[in-house]
$ cat structure.txt   # compact mmCIF, C-alpha atoms
# COMPACT_ATOMS: atom_id res chain seq x y z
CA MET P 1 48.31 11.02 3.36
CA ARG P 2 45.39 12.46 5.30
CA SER P 3 42.64 10.24 6.57
CA ASN P 4 39.30 10.02 4.82
CA PRO P 5 37.22 13.04 5.92
CA VAL P 6 33.77 11.57 5.29
CA HIS P 7 33.06 11.05 9.01
CA ARG P 8 33.47 14.78 9.61
CA TYR P 9 30.26 15.36 7.66
CA LEU P 10 28.08 13.12 9.85
CA PRO P 11 26.57 16.14 11.71
CA ALA P 12 25.56 17.64 8.36
CA ILE P 13 24.05 14.32 7.30
CA GLY P 14 22.15 14.20 10.59
CA LEU P 15 20.79 17.73 10.11
CA VAL P 16 19.62 17.04 6.57
CA SER P 17 18.09 13.74 7.72
CA VAL P 18 15.97 15.71 10.18
CA PHE P 19 14.59 17.84 7.35
CA TYR P 20 13.95 14.79 5.18
CA GLY P 21 12.32 13.15 8.20
CA ILE P 22 9.89 16.08 8.37
CA ASN P 23 9.27 15.60 4.65
CA ILE P 24 8.49 11.95 5.29
CA LEU P 25 5.90 12.84 7.90
CA LEU P 26 4.36 15.38 5.54
CA GLY P 27 4.35 12.80 2.73
CA LEU P 28 2.65 10.18 4.88
CA GLY P 29 0.08 12.78 5.95
CA ARG P 30 -0.48 13.66 2.30
CA ASP P 31 -0.98 10.00 1.33
CA SER P 32 -3.31 9.40 4.26
CA LEU P 33 -5.38 12.46 3.33
CA LEU P 34 -5.61 11.46 -0.34
CA ALA P 35 -6.55 7.86 0.52
CA ALA P 36 -9.29 8.98 2.92
CA LYS P 37 -10.56 11.70 0.57
CA PHE P 38 -10.71 9.78 -2.70
CA GLY P 39 -10.23 6.08 -1.81
CA ALA P 40 -8.70 3.48 -4.13
CA THR P 41 -10.55 4.90 -7.14
CA GLU P 42 -9.70 5.66 -10.74
CA GLN P 43 -9.84 9.36 -9.88
CA LEU P 44 -6.97 8.97 -7.44
CA ASP P 45 -5.20 6.68 -9.91
CA ALA P 46 -5.27 9.57 -12.39
CA LEU P 47 -3.95 12.08 -9.84
CA LEU P 48 -1.09 9.81 -8.74
CA LEU P 49 -0.11 9.06 -12.34
CA GLY P 50 0.03 12.79 -13.09
CA LEU P 51 1.85 13.70 -9.88
CA ASN P 52 4.36 10.90 -10.35
CA PHE P 53 5.09 11.93 -13.93
CA ALA P 54 5.45 15.68 -13.39
CA ARG P 55 7.18 15.41 -10.03
CA THR P 56 9.60 12.67 -11.10
CA LEU P 57 10.40 14.38 -14.41
CA GLY P 58 11.00 17.68 -12.63
CA ILE P 59 13.02 16.14 -9.83
CA SER P 60 15.03 14.17 -12.41
CA LEU P 61 15.88 17.49 -14.06
CA ALA P 62 16.81 18.94 -10.67
CA LEU P 63 19.02 15.99 -9.76
CA ALA P 64 20.65 16.04 -13.20
CA VAL P 65 21.47 19.74 -12.85
CA ALA P 66 22.79 19.34 -9.30
CA GLY P 67 24.69 16.15 -10.09
CA VAL P 68 26.57 17.77 -12.96
CA LEU P 69 27.12 21.25 -11.49
CA VAL P 70 28.33 20.27 -8.00
CA PRO P 71 31.55 18.68 -9.35
CA VAL P 72 31.95 21.74 -11.65
CA PHE P 73 31.43 24.23 -8.82
CA THR P 74 33.69 22.37 -6.35
CA PRO P 75 37.15 23.41 -7.69
CA ILE P 76 35.88 26.97 -8.34
CA ILE P 77 34.58 27.28 -4.78
CA LEU P 78 37.84 25.85 -3.41
CA ALA P 79 39.55 28.69 -5.34
CA LYS P 80 37.12 31.15 -3.67
CA ASN P 81 35.96 32.53 -7.02
CA SER P 82 32.33 33.44 -6.24
CA CYS P 83 32.02 35.69 -9.29
CA LEU P 84 32.76 32.76 -11.60
CA VAL P 85 30.19 30.59 -9.78
CA LEU P 86 27.58 33.32 -10.23
CA ASN P 87 28.52 33.72 -13.90
CA LEU P 88 28.12 30.00 -14.58
CA SER P 89 24.82 29.93 -12.68
CA TYR P 90 23.34 32.71 -14.81
CA ARG P 91 24.50 31.04 -18.01
CA TRP P 92 23.04 27.75 -16.92
CA LEU P 93 19.73 29.30 -15.85
CA ARG P 94 19.37 31.14 -19.16
CA ALA P 95 20.09 28.01 -21.22
CA SER P 96 17.73 25.81 -19.18
CA MET P 97 14.85 28.30 -19.43
CA ILE P 98 15.21 28.39 -23.23
CA ALA P 99 14.75 24.61 -23.24
CA LEU P 100 12.13 24.21 -20.52
CA PHE P 101 9.53 26.81 -21.45
CA PRO P 102 8.76 25.04 -24.77
CA LEU P 103 8.78 21.67 -22.97
CA ALA P 104 6.19 22.86 -20.44
CA LEU P 105 4.01 24.28 -23.22
CA LEU P 106 4.23 21.03 -25.18
CA LEU P 107 3.23 19.01 -22.12
CA ALA P 108 0.18 21.24 -21.59
CA TYR P 109 -0.81 21.14 -25.29
CA PHE P 110 -0.38 17.37 -25.69
CA ALA P 111 -1.71 16.50 -22.22
CA LEU P 112 -4.34 14.04 -23.49
CA PRO P 113 -1.95 11.97 -25.68
CA VAL P 114 0.54 11.90 -22.79
CA ALA P 115 -2.27 10.78 -20.46
CA LYS P 116 -3.04 7.87 -22.79
CA LEU P 117 0.60 6.80 -22.61
CA LEU P 118 0.76 7.09 -18.82
CA GLY P 119 -2.55 5.35 -18.08
CA PRO P 120 -3.49 3.04 -20.96
CA GLY P 121 -5.90 1.14 -18.71
CA LEU P 122 -7.88 4.21 -17.57
CA SER P 123 -11.41 4.94 -18.78
CA ASP P 124 -12.20 8.04 -20.85
CA ALA P 125 -13.22 9.92 -17.69
CA GLY P 126 -9.96 8.91 -15.99
CA LEU P 127 -7.92 10.02 -19.00
CA GLN P 128 -9.65 13.41 -19.01
CA GLU P 129 -8.92 13.82 -15.31
CA LEU P 130 -5.28 12.88 -15.84
CA SER P 131 -4.91 15.31 -18.76
CA ARG P 132 -6.28 18.18 -16.64
CA VAL P 133 -3.80 17.34 -13.88
CA LEU P 134 -0.93 17.37 -16.40
CA VAL P 135 -1.96 20.80 -17.73
CA ILE P 136 -1.96 22.23 -14.21
CA LEU P 137 1.39 20.69 -13.33
CA SER P 138 3.25 21.57 -16.55
CA PRO P 139 4.82 24.78 -15.06
CA LEU P 140 6.13 22.65 -12.20
CA LEU P 141 8.85 21.37 -14.56
CA ILE P 142 10.34 24.87 -14.76
CA ILE P 143 10.11 25.38 -10.99
CA LEU P 144 11.79 22.06 -10.20
CA ALA P 145 14.57 22.63 -12.75
CA CYS P 146 15.29 26.03 -11.16
CA ALA P 147 15.34 24.25 -7.81
CA GLY P 148 18.02 21.96 -9.25
CA LEU P 149 20.36 24.91 -9.70
CA GLY P 150 19.46 25.98 -6.15
CA LYS P 151 20.25 22.48 -4.92
CA ALA P 152 23.69 22.56 -6.59
CA LEU P 153 24.54 25.98 -5.13
CA SER P 154 23.21 25.28 -1.63
CA GLU P 155 24.99 21.93 -1.33
CA SER P 156 28.23 23.30 -2.76
CA TYR P 157 28.23 26.04 -0.12
CA GLY P 158 27.12 23.77 2.73
CA THR P 159 23.44 24.79 3.11
CA TYR P 160 22.39 21.17 2.71
CA PHE P 161 18.89 21.53 4.19
CA ALA P 162 17.64 24.11 1.63
CA TYR P 163 16.46 21.61 -1.01
CA PRO P 164 14.52 19.32 1.37
CA LEU P 165 12.88 22.47 2.71
CA PHE P 166 11.78 23.29 -0.84
CA LEU P 167 10.30 19.78 -1.23
CA GLY P 168 8.46 20.24 2.06
CA PHE P 169 6.79 23.38 0.73
CA CYS P 170 5.62 21.42 -2.33
CA THR P 171 3.99 18.79 -0.12
CA LEU P 172 2.43 21.41 2.17
CA GLY P 173 0.98 23.13 -0.87
CA LEU P 174 -0.63 19.89 -2.06
CA ILE P 175 -2.14 19.25 1.38
CA ALA P 176 -3.45 22.83 1.57
CA GLY P 177 -4.94 22.51 -1.91
CA VAL P 178 -6.90 19.39 -0.96
CA LEU P 179 -8.15 20.91 2.30
CA LEU P 180 -9.04 24.38 0.97
CA ALA P 181 -10.36 23.56 -2.50
CA SER P 182 -11.98 20.14 -2.05
CA PRO P 183 -14.93 20.85 -4.44
CA TRP P 184 -12.41 20.86 -7.29
CA GLY P 185 -11.54 17.22 -6.68
CA VAL P 186 -8.06 15.96 -7.49
CA GLN P 187 -7.27 19.10 -9.48
CA SER P 188 -7.11 21.04 -6.20
CA ALA P 189 -4.18 18.86 -5.12
CA ALA P 190 -2.31 19.67 -8.34
CA LEU P 191 -2.97 23.40 -7.94
CA GLY P 192 -1.81 23.28 -4.33
CA MET P 193 1.43 21.52 -5.26
CA LEU P 194 2.13 24.14 -7.93
CA GLY P 195 1.62 26.96 -5.41
CA GLY P 196 3.79 25.21 -2.84
CA GLY P 197 6.56 24.84 -5.41
CA ILE P 198 6.55 28.58 -6.12
CA ALA P 199 6.73 29.40 -2.39
CA GLY P 200 9.46 26.79 -1.86
CA LEU P 201 11.57 28.18 -4.71
CA ALA P 202 11.39 31.67 -3.17
CA VAL P 203 12.58 30.30 0.20
CA LEU P 204 15.36 28.28 -1.48
CA THR P 205 16.61 31.38 -3.31
CA ALA P 206 16.58 33.44 -0.11
CA LEU P 207 18.57 30.78 1.79
CA ILE P 208 21.22 30.61 -0.95
CA GLY P 209 21.62 34.39 -0.95
CA ARG P 210 21.94 34.47 2.81
CA GLY P 211 24.19 31.46 3.31
CA SER P 212 26.79 31.87 0.56
CA PRO P 213 29.29 34.54 -0.62
CA LEU P 214 27.28 34.98 -3.84
CA LYS P 215 25.46 38.01 -2.47
CA ASN P 216 28.81 39.84 -2.53
CA ALA P 217 29.65 38.66 -6.03
CA TRP P 218 27.27 40.87 -8.03
CA PRO P 219 29.10 42.57 -10.91
CA ALA P 220 29.75 46.31 -10.75
CA LYS P 221 28.25 48.75 -13.26
CA ASN P 222 31.59 49.00 -15.08
CA PRO P 223 33.27 45.68 -14.36
CA GLU P 224 36.85 44.98 -15.24
CA PRO P 225 37.66 42.06 -17.55
CA PRO P 226 37.51 38.77 -15.57
CA ALA P 227 40.82 37.35 -14.42
CA THR P 228 39.56 33.84 -15.10
CA VAL P 229 37.83 32.77 -18.30
CA PRO P 230 34.61 30.92 -17.42
CA PRO P 231 34.84 27.22 -18.29
CA PRO P 232 32.38 25.89 -20.86
CA LEU P 233 29.13 24.54 -19.46
CA PRO P 234 29.27 20.72 -19.25
CA ILE P 235 26.44 20.22 -21.74
CA ARG P 236 27.56 16.72 -22.72
CA ASN P 237 27.57 15.52 -19.12
CA VAL P 238 24.22 17.17 -18.49
CA LEU P 239 22.67 15.44 -21.49
CA PHE P 240 23.96 12.05 -20.37
CA PHE P 241 22.86 12.66 -16.78
CA LEU P 242 19.46 13.96 -17.88
CA GLY P 243 19.08 11.00 -20.21
CA SER P 244 19.88 8.64 -17.34
CA SER P 245 17.41 10.42 -15.05
CA LEU P 246 14.70 10.27 -17.71
CA LEU P 247 15.32 6.56 -18.18
CA VAL P 248 14.90 6.08 -14.43
CA LEU P 249 11.69 8.14 -14.67
CA ALA P 250 10.50 5.93 -17.51
CA GLN P 251 10.86 2.88 -15.26
CA GLY P 252 8.37 4.31 -12.76
CA VAL P 253 6.04 5.42 -15.56
CA VAL P 254 6.16 1.95 -17.13
CA GLU P 255 5.43 0.26 -13.78
CA ARG P 256 2.34 2.41 -13.24
CA ALA P 257 1.22 2.02 -16.85
CA TYR P 258 1.17 -1.76 -16.41
CA ALA P 259 -0.52 -1.34 -13.01
CA SER P 260 -3.25 0.76 -14.65
CA GLN P 261 -4.18 -2.30 -16.75
CA LEU P 262 -4.86 -4.29 -13.57
CA PRO P 263 -8.09 -3.87 -11.53
CA PRO P 264 -8.98 -0.27 -10.45
CA GLY P 265 -7.02 0.87 -7.42
CA SER P 266 -3.85 -1.03 -8.38
CA VAL P 267 -1.99 2.22 -9.16
CA VAL P 268 -3.07 3.60 -5.76
CA ALA P 269 -1.90 0.46 -3.94
CA LEU P 270 1.42 0.41 -5.81
CA SER P 271 2.07 4.13 -5.25
CA LEU P 272 1.20 4.06 -1.54
CA SER P 273 3.23 0.93 -0.90
CA LEU P 274 6.31 2.36 -2.65
CA ASN P 275 5.91 5.58 -0.64
CA VAL P 276 5.90 3.59 2.63
CA LEU P 277 8.79 1.48 1.36
CA GLY P 278 10.74 4.65 0.66
CA VAL P 279 10.46 5.99 4.21
CA PRO P 280 13.74 4.56 5.59
CA SER P 281 15.69 5.30 2.41
CA THR P 282 14.24 8.81 2.10
CA LEU P 283 15.14 9.49 5.72
CA VAL P 284 18.86 8.89 5.16
CA LEU P 285 19.84 8.49 1.50
CA PRO P 286 19.00 11.97 0.14
CA ALA P 287 20.88 13.47 3.07
CA VAL P 288 23.84 11.18 2.45
CA SER P 289 23.78 11.98 -1.28
CA ALA P 290 23.53 15.74 -0.71
CA VAL P 291 26.61 15.72 1.53
CA LEU P 292 28.42 12.85 -0.18
CA LEU P 293 28.64 14.24 -3.73
CA PRO P 294 30.63 17.39 -2.78
CA VAL P 295 32.85 15.27 -0.50
CA LEU P 296 33.52 12.66 -3.19
CA SER P 297 34.20 15.41 -5.73
CA ARG P 298 36.85 16.88 -3.42
CA LEU P 299 38.41 13.44 -2.84
CA GLU P 300 38.53 12.80 -6.59
CA GLN P 301 40.10 16.24 -7.16
CA GLN P 302 42.76 15.42 -4.56
CA GLY P 303 43.31 11.82 -5.78
CA ARG P 304 42.35 10.28 -2.41
CA ALA P 305 39.16 8.37 -3.32
CA LYS P 306 38.79 4.64 -2.67
CA ARG P 307 37.81 2.21 -5.44
CA PHE P 308 34.14 2.43 -4.40
CA GLY P 309 34.43 6.01 -3.17
CA LEU P 310 34.02 5.20 0.52
CA PRO P 311 35.81 2.81 2.87
CA ARG P 312 34.27 -0.65 3.22
CA GLN P 313 33.02 -0.06 6.76
CA TYR P 314 30.67 2.65 5.51
CA TYR P 315 29.09 0.24 3.05
CA LEU P 316 28.73 -2.35 5.82
CA ILE P 317 26.84 0.19 7.94
CA ILE P 318 24.62 1.08 4.97
CA ILE P 319 23.78 -2.58 4.27
CA LEU P 320 23.03 -3.30 7.92
CA PHE P 321 20.72 -0.29 8.08
CA ALA P 322 18.90 -1.44 4.93
CA ALA P 323 18.55 -5.00 6.24
CA ALA P 324 17.11 -3.76 9.55
CA ALA P 325 14.65 -1.49 7.71
CA THR P 326 13.63 -4.39 5.46
CA LEU P 327 12.85 -6.58 8.47
CA VAL P 328 10.85 -3.85 10.21
CA LEU P 329 8.78 -3.11 7.10
CA PHE P 330 8.11 -6.79 6.43
CA LEU P 331 6.87 -7.43 9.96
CA SER P 332 4.89 -4.21 10.42
CA SER P 333 3.42 -3.61 6.96
CA ASP P 334 -0.16 -4.58 7.92
CA PHE P 335 -0.08 -2.35 10.99
CA LEU P 336 1.41 0.60 9.11
CA VAL P 337 -1.08 0.45 6.24
CA ARG P 338 -4.06 0.27 8.58
CA LEU P 339 -2.69 3.05 10.74
CA LEU P 340 -1.96 5.38 7.83
CA PHE P 341 -4.59 4.67 5.19
CA LEU P 342 -7.54 2.57 6.44
CA ARG P 343 -10.11 5.34 6.83
CA GLY P 344 -12.66 7.19 4.75
CA LYS P 345 -13.07 5.67 1.28
CA PHE P 346 -9.98 3.46 1.53
CA THR P 347 -11.28 -0.11 1.81
CA GLU P 348 -10.01 -3.20 3.66
CA GLU P 349 -9.31 -4.90 0.32
CA ALA P 350 -7.14 -2.00 -0.84
CA ALA P 351 -5.29 -2.03 2.51
CA SER P 352 -4.53 -5.75 2.21
CA LEU P 353 -3.18 -5.31 -1.34
CA THR P 354 -0.98 -2.38 -0.26
CA ALA P 355 0.43 -4.31 2.71
CA MET P 356 1.17 -7.33 0.52
CA ILE P 357 3.12 -5.21 -1.98
CA ILE P 358 5.18 -3.70 0.86
CA LYS P 359 6.08 -7.18 2.15
CA LEU P 360 7.17 -8.51 -1.22
CA THR P 361 9.16 -5.45 -2.30
CA SER P 362 10.84 -4.63 1.04
CA ILE P 363 13.87 -6.75 0.12
CA CYS P 364 14.64 -4.19 -2.64
CA LEU P 365 15.80 -1.70 0.01
CA ILE P 366 19.20 -3.38 0.35
CA ALA P 367 19.97 -3.09 -3.36
CA TYR P 368 18.43 0.36 -3.66
CA VAL P 369 20.53 2.01 -0.95
CA VAL P 370 23.75 0.52 -2.35
CA THR P 371 22.84 1.71 -5.85
CA THR P 372 22.13 5.24 -4.62
CA VAL P 373 25.55 5.59 -3.02
CA LEU P 374 27.40 4.00 -5.95
CA ARG P 375 25.67 6.37 -8.36
CA GLN P 376 27.19 9.32 -6.49
CA VAL P 377 30.61 7.73 -7.05
CA LEU P 378 30.01 7.58 -10.81
CA ILE P 379 28.82 11.19 -10.85
CA ALA P 380 31.86 12.40 -8.91
CA ARG P 381 34.06 10.65 -11.51
CA HIS P 382 32.14 12.24 -14.41
CA LEU P 383 31.08 8.83 -15.76
CA MET P 384 27.69 10.09 -16.91
CA ALA P 385 27.61 8.00 -20.08
CA HIS P 386 28.14 4.83 -18.04
CA ASP P 387 25.30 5.84 -15.72
CA ALA P 388 22.99 6.39 -18.70
CA LEU P 389 23.99 3.00 -20.15
CA ILE P 390 23.05 1.21 -16.91
CA SER P 391 19.71 3.03 -16.77
CA GLY P 392 18.99 2.05 -20.37
CA ILE P 393 19.80 -1.61 -19.77
CA THR P 394 17.60 -1.62 -16.67
CA LEU P 395 14.65 -0.04 -18.51
CA VAL P 396 14.80 -2.52 -21.40
CA THR P 397 15.07 -5.43 -18.97
CA LYS P 398 12.15 -4.17 -16.87
CA ILE P 399 9.86 -3.71 -19.88
CA SER P 400 10.70 -7.21 -21.09
CA LEU P 401 10.00 -8.74 -17.69
CA LEU P 402 6.75 -6.79 -17.27
CA GLN P 403 5.58 -7.86 -20.71
CA ILE P 404 6.23 -11.50 -19.84
CA LEU P 405 5.17 -11.63 -16.19
CA VAL P 406 2.22 -9.21 -15.77
CA PRO P 407 -0.18 -10.95 -18.23
CA ARG P 408 0.47 -14.28 -16.49
CA TYR P 409 0.79 -13.33 -12.83
CA GLY P 410 -0.84 -9.88 -12.51
CA ILE P 411 0.41 -7.77 -9.61
CA PHE P 412 2.80 -10.55 -8.54
CA GLY P 413 4.48 -10.40 -11.95
CA LEU P 414 4.89 -6.64 -11.59
CA ILE P 415 6.48 -7.06 -8.16
CA GLY P 416 8.79 -9.78 -9.48
CA ALA P 417 10.00 -7.54 -12.32
CA LEU P 418 10.64 -4.70 -9.86
CA VAL P 419 12.69 -6.87 -7.48
CA ILE P 420 14.77 -8.53 -10.22
CA THR P 421 15.69 -5.25 -11.93
CA THR P 422 16.52 -3.50 -8.65
CA PHE P 423 19.10 -6.12 -7.70
CA GLY P 424 20.35 -6.33 -11.28
CA THR P 425 20.97 -2.57 -11.35
CA SER P 426 22.99 -2.77 -8.14
CA ALA P 427 25.12 -5.56 -9.59
CA LEU P 428 25.78 -3.50 -12.74
CA TYR P 429 26.97 -0.50 -10.71
CA ILE P 430 29.28 -2.65 -8.59
CA SER P 431 30.80 -4.33 -11.66
CA LEU P 432 31.24 -1.07 -13.56
CA ILE P 433 32.98 0.76 -10.72
CA TYR P 434 35.19 -2.23 -9.97
CA TYR P 435 36.47 -2.53 -13.54
CA THR P 436 36.73 1.18 -14.41
CA HIS P 437 38.54 2.47 -11.32
CA GLN P 438 42.17 3.34 -11.91
CA PRO P 439 44.09 3.47 -8.58
CA GLU P 440 46.42 6.41 -8.04
CA ALA P 441 50.10 5.55 -8.20
CA ASN P 442 50.75 6.95 -4.73
CA SER P 443 47.75 5.32 -3.05
$ encode --input "structure.txt" --output "structure tokens"
Amino acid sequence: MRSNPVHRYLPAIGLVSVFYGINILLGLGRDSLLAAKFGATEQLDALLLGLNFARTLGISLALAVAGVLVPVFTPIILAKNSCLVLNLSYRWLRASMIALFPLALLLAYFALPVAKLLGPGLSDAGLQELSRVLVILSPLLIILACAGLGKALSESYGTYFAYPLFLGFCTLGLIAGVLLASPWGVQSAALGMLGGGIAGLAVLTALIGRGSPLKNAWPAKNPEPPATVPPPLPIRNVLFFLGSSLLVLAQGVVERAYASQLPPGSVVALSLSLNVLGVPSTLVLPAVSAVLLPVLSRLEQQGRAKRFGLPRQYYLIIILFAAAATLVLFLSSDFLVRLLFLRGKFTEEAASLTAMIIKLTSICLIAYVVTTVLRQVLIARHLMAHDALISGITLVTKISLLQILVPRYGIFGLIGALVITTFGTSALYISLIYYTHQPEANS
């Protein structure tokens, strides 16, 4: 039996990490600019609630599409059937557009009721601001879902850096919107992100056409009947995966909804602290996931996967990295917050609250990185229903804990609920994979 080939993909992981590292720098610059421009105000609370909802919903759609289609594309690409890949892509794009255009229109039409759900603690002026942001960002759902298909194709063909490049264009657009259209307030940031998404999608499409055999797979004017019948689209898996992604989205929405009921600026502090907390995981984990899912899919196809997908030494490295990042964030949180955000309208009180949240939630990194890798194992094994079940259990548990802890302990109760559910989710993934894995007879 051949040795595990995961280590051969370390250069690809390193390359993608560089692109995500650039995204991190852009994201920190974006957060610093927003904090200095608007401060820890209800106006910025409204913008961050809208951005988090639209961006996370859209990215959840993108990840659901990529997570389901990469394992579908893998055996077809191994058979060098580019025409079939292109055929499936067109079918998928047509079906997703039929579903997403009405969804975007509904979001724009019912923006105010959605705003009341996202920010129940906002004033009337804050709710109006949030509803305007949601109207502007509603087309972003379509753009991000199209980017999901691009992510699946680019990663399947080895152009792993294309999707982080798309995300970078979205962030650059937001920054440009704030700088060039500042009289429009927070709405300029939403408009800028929408424009950046359009530009990023164009670049993503161009990279896929240039870096894959699909450009030579266009059908002729009078094509012959296909030698291979296209397989049915995995709608059931997509629905489970999308449901799981939406449940994960709902967790973030619920956290910020409870934060909006705390003193003004709590949503800003929570959002900025989670962005800083996500720096080490964003630097490595998306790159690992982008490369890991196609690799795990190939290993599963060939019957050579380990119980937990990867050898134990890889998990040891991942845990050590997360522990080191946790220690660094805990010790340097005050310095980082003051360096990045303490300027303009961002006050000392808001900086102290942000740094405190980073300290108390940094321990979640260890569980989060393990969960991210284990989720790729479930996806590669087509266990989408199990993934959705775990997400549902986590959401119900988090709402229950928030309902109990936030009224009594405020922001500390919110942090406690976040930490407990993060480690609980990791334990559920470990248990599920351990008890559902069926070893191959020849392994």
$ atom_distance --input "structure.txt" --atom1 "CA of Gly119 (chain P)" --atom2 "CA of Arg256 (chain P)"
7.5 Å
$ residues_around --input "structure.txt" --residues "region 352-369 of chain P" --least-positions-apart "2" --cutoff "7 Å" --atoms "only C-alpha atoms" --output "PyMOL selection string"
chain P and resi 269-270+272-273+277+281+285+319+322-323+326+329-330+333-334+337+348-350+371-373+415+419+422-423+426
$ write_last_selection --input "structure.txt" --atoms "C-alpha atoms" --output "short mmCIF file (atom, residue, chain, number, x, y, z; two decimals), keeping the file's coordinate frame"
data_model
loop_
_atom_site.label_atom_id
_atom_site.label_comp_id
_atom_site.auth_asym_id
_atom_site.auth_seq_id
_atom_site.Cartn_x
_atom_site.Cartn_y
_atom_site.Cartn_z
CA ALA P 269 -1.90 0.46 -3.94
CA LEU P 270 1.42 0.41 -5.81
CA LEU P 272 1.20 4.06 -1.54
CA SER P 273 3.23 0.93 -0.90
CA LEU P 277 8.79 1.48 1.36
CA SER P 281 15.69 5.30 2.41
CA LEU P 285 19.84 8.49 1.50
CA ILE P 319 23.78 -2.58 4.27
CA ALA P 322 18.90 -1.44 4.93
CA ALA P 323 18.55 -5.00 6.24
CA THR P 326 13.63 -4.39 5.46
CA LEU P 329 8.78 -3.11 7.10
CA PHE P 330 8.11 -6.79 6.43
CA SER P 333 3.42 -3.61 6.96
CA ASP P 334 -0.16 -4.58 7.92
CA VAL P 337 -1.08 0.45 6.24
CA GLU P 348 -10.01 -3.20 3.66
CA GLU P 349 -9.31 -4.90 0.32
CA ALA P 350 -7.14 -2.00 -0.84
CA THR P 371 22.84 1.71 -5.85
CA THR P 372 22.13 5.24 -4.62
CA VAL P 373 25.55 5.59 -3.02
CA ILE P 415 6.48 -7.06 -8.16
CA VAL P 419 12.69 -6.87 -7.48
CA THR P 422 16.52 -3.50 -8.65
CA PHE P 423 19.10 -6.12 -7.70
CA SER P 426 22.99 -2.77 -8.14
#
$ residues_near_point --input "structure.txt" --point "(5.9, 7.6, 0.2)" --cutoff "9 Å" --atoms "only C-alpha atoms" --output "PyMOL selection string"
chain P and resi 24+27-28+31+271-279+282
$ closest_residue --input "structure.txt" --among "P:Leu34, P:Tyr435, P:Pro280, P:Arg91" --to "Leu327 (chain P)" --atoms "all atoms listed in the file"
P:Pro280
$ atom_distance --input "structure.txt" --atom1 "CA of Gly265 (chain P)" --atom2 "CA of Tyr20 (chain P)"
28.1 Å
$ atom_distance --input "structure.txt" --atom1 "CA of Ala99 (chain P)" --atom2 "CA of Leu51 (chain P)"
21.5 Å
$ closest_residue --input "structure.txt" --among "P:Pro75, P:Pro264, P:Gly148, P:Gly252" --to "Ala46 (chain P)" --atoms "only C-alpha atoms"
P:Pro264
$ closest_residue --input "structure.txt" --among "P:Leu405, P:Ile420, P:Val135, P:Ala351" --to "Ala40 (chain P)" --atoms "only C-alpha atoms"
P:Ala351
$ residues_around --input "structure.txt" --residues "Ser266 (chain P)" --least-positions-apart "6" --cutoff "8 Å" --atoms "all atoms listed in the file" --output "VMD selection string"
chain P and resid 40 45 259 to 260
$ residues_around --input "structure.txt" --residues "Ala111 (chain P)" --least-positions-apart "2" --cutoff "12 Å" --atoms "only C-alpha atoms" --output "PyMOL selection string"
chain P and resi 50+53-54+103-109+113-119+127-138
$ closest_residue --input "structure.txt" --among "P:Thr41, P:Gln313, P:Gln251, P:Gln403" --to "Ala125 (chain P)" --atoms "all atoms listed in the file"
P:Thr41
$ closest_residue --input "structure.txt" --among "P:Leu122, P:Ile433, P:Asn81, P:Cys146" --to "Val267 (chain P)" --atoms "only C-alpha atoms"
P:Leu122
$ closest_residue --input "structure.txt" --among "P:Met384, P:Leu378, P:Leu180, P:Leu414" --to "Ile430 (chain P)" --atoms "all atoms listed in the file"
P:Leu378
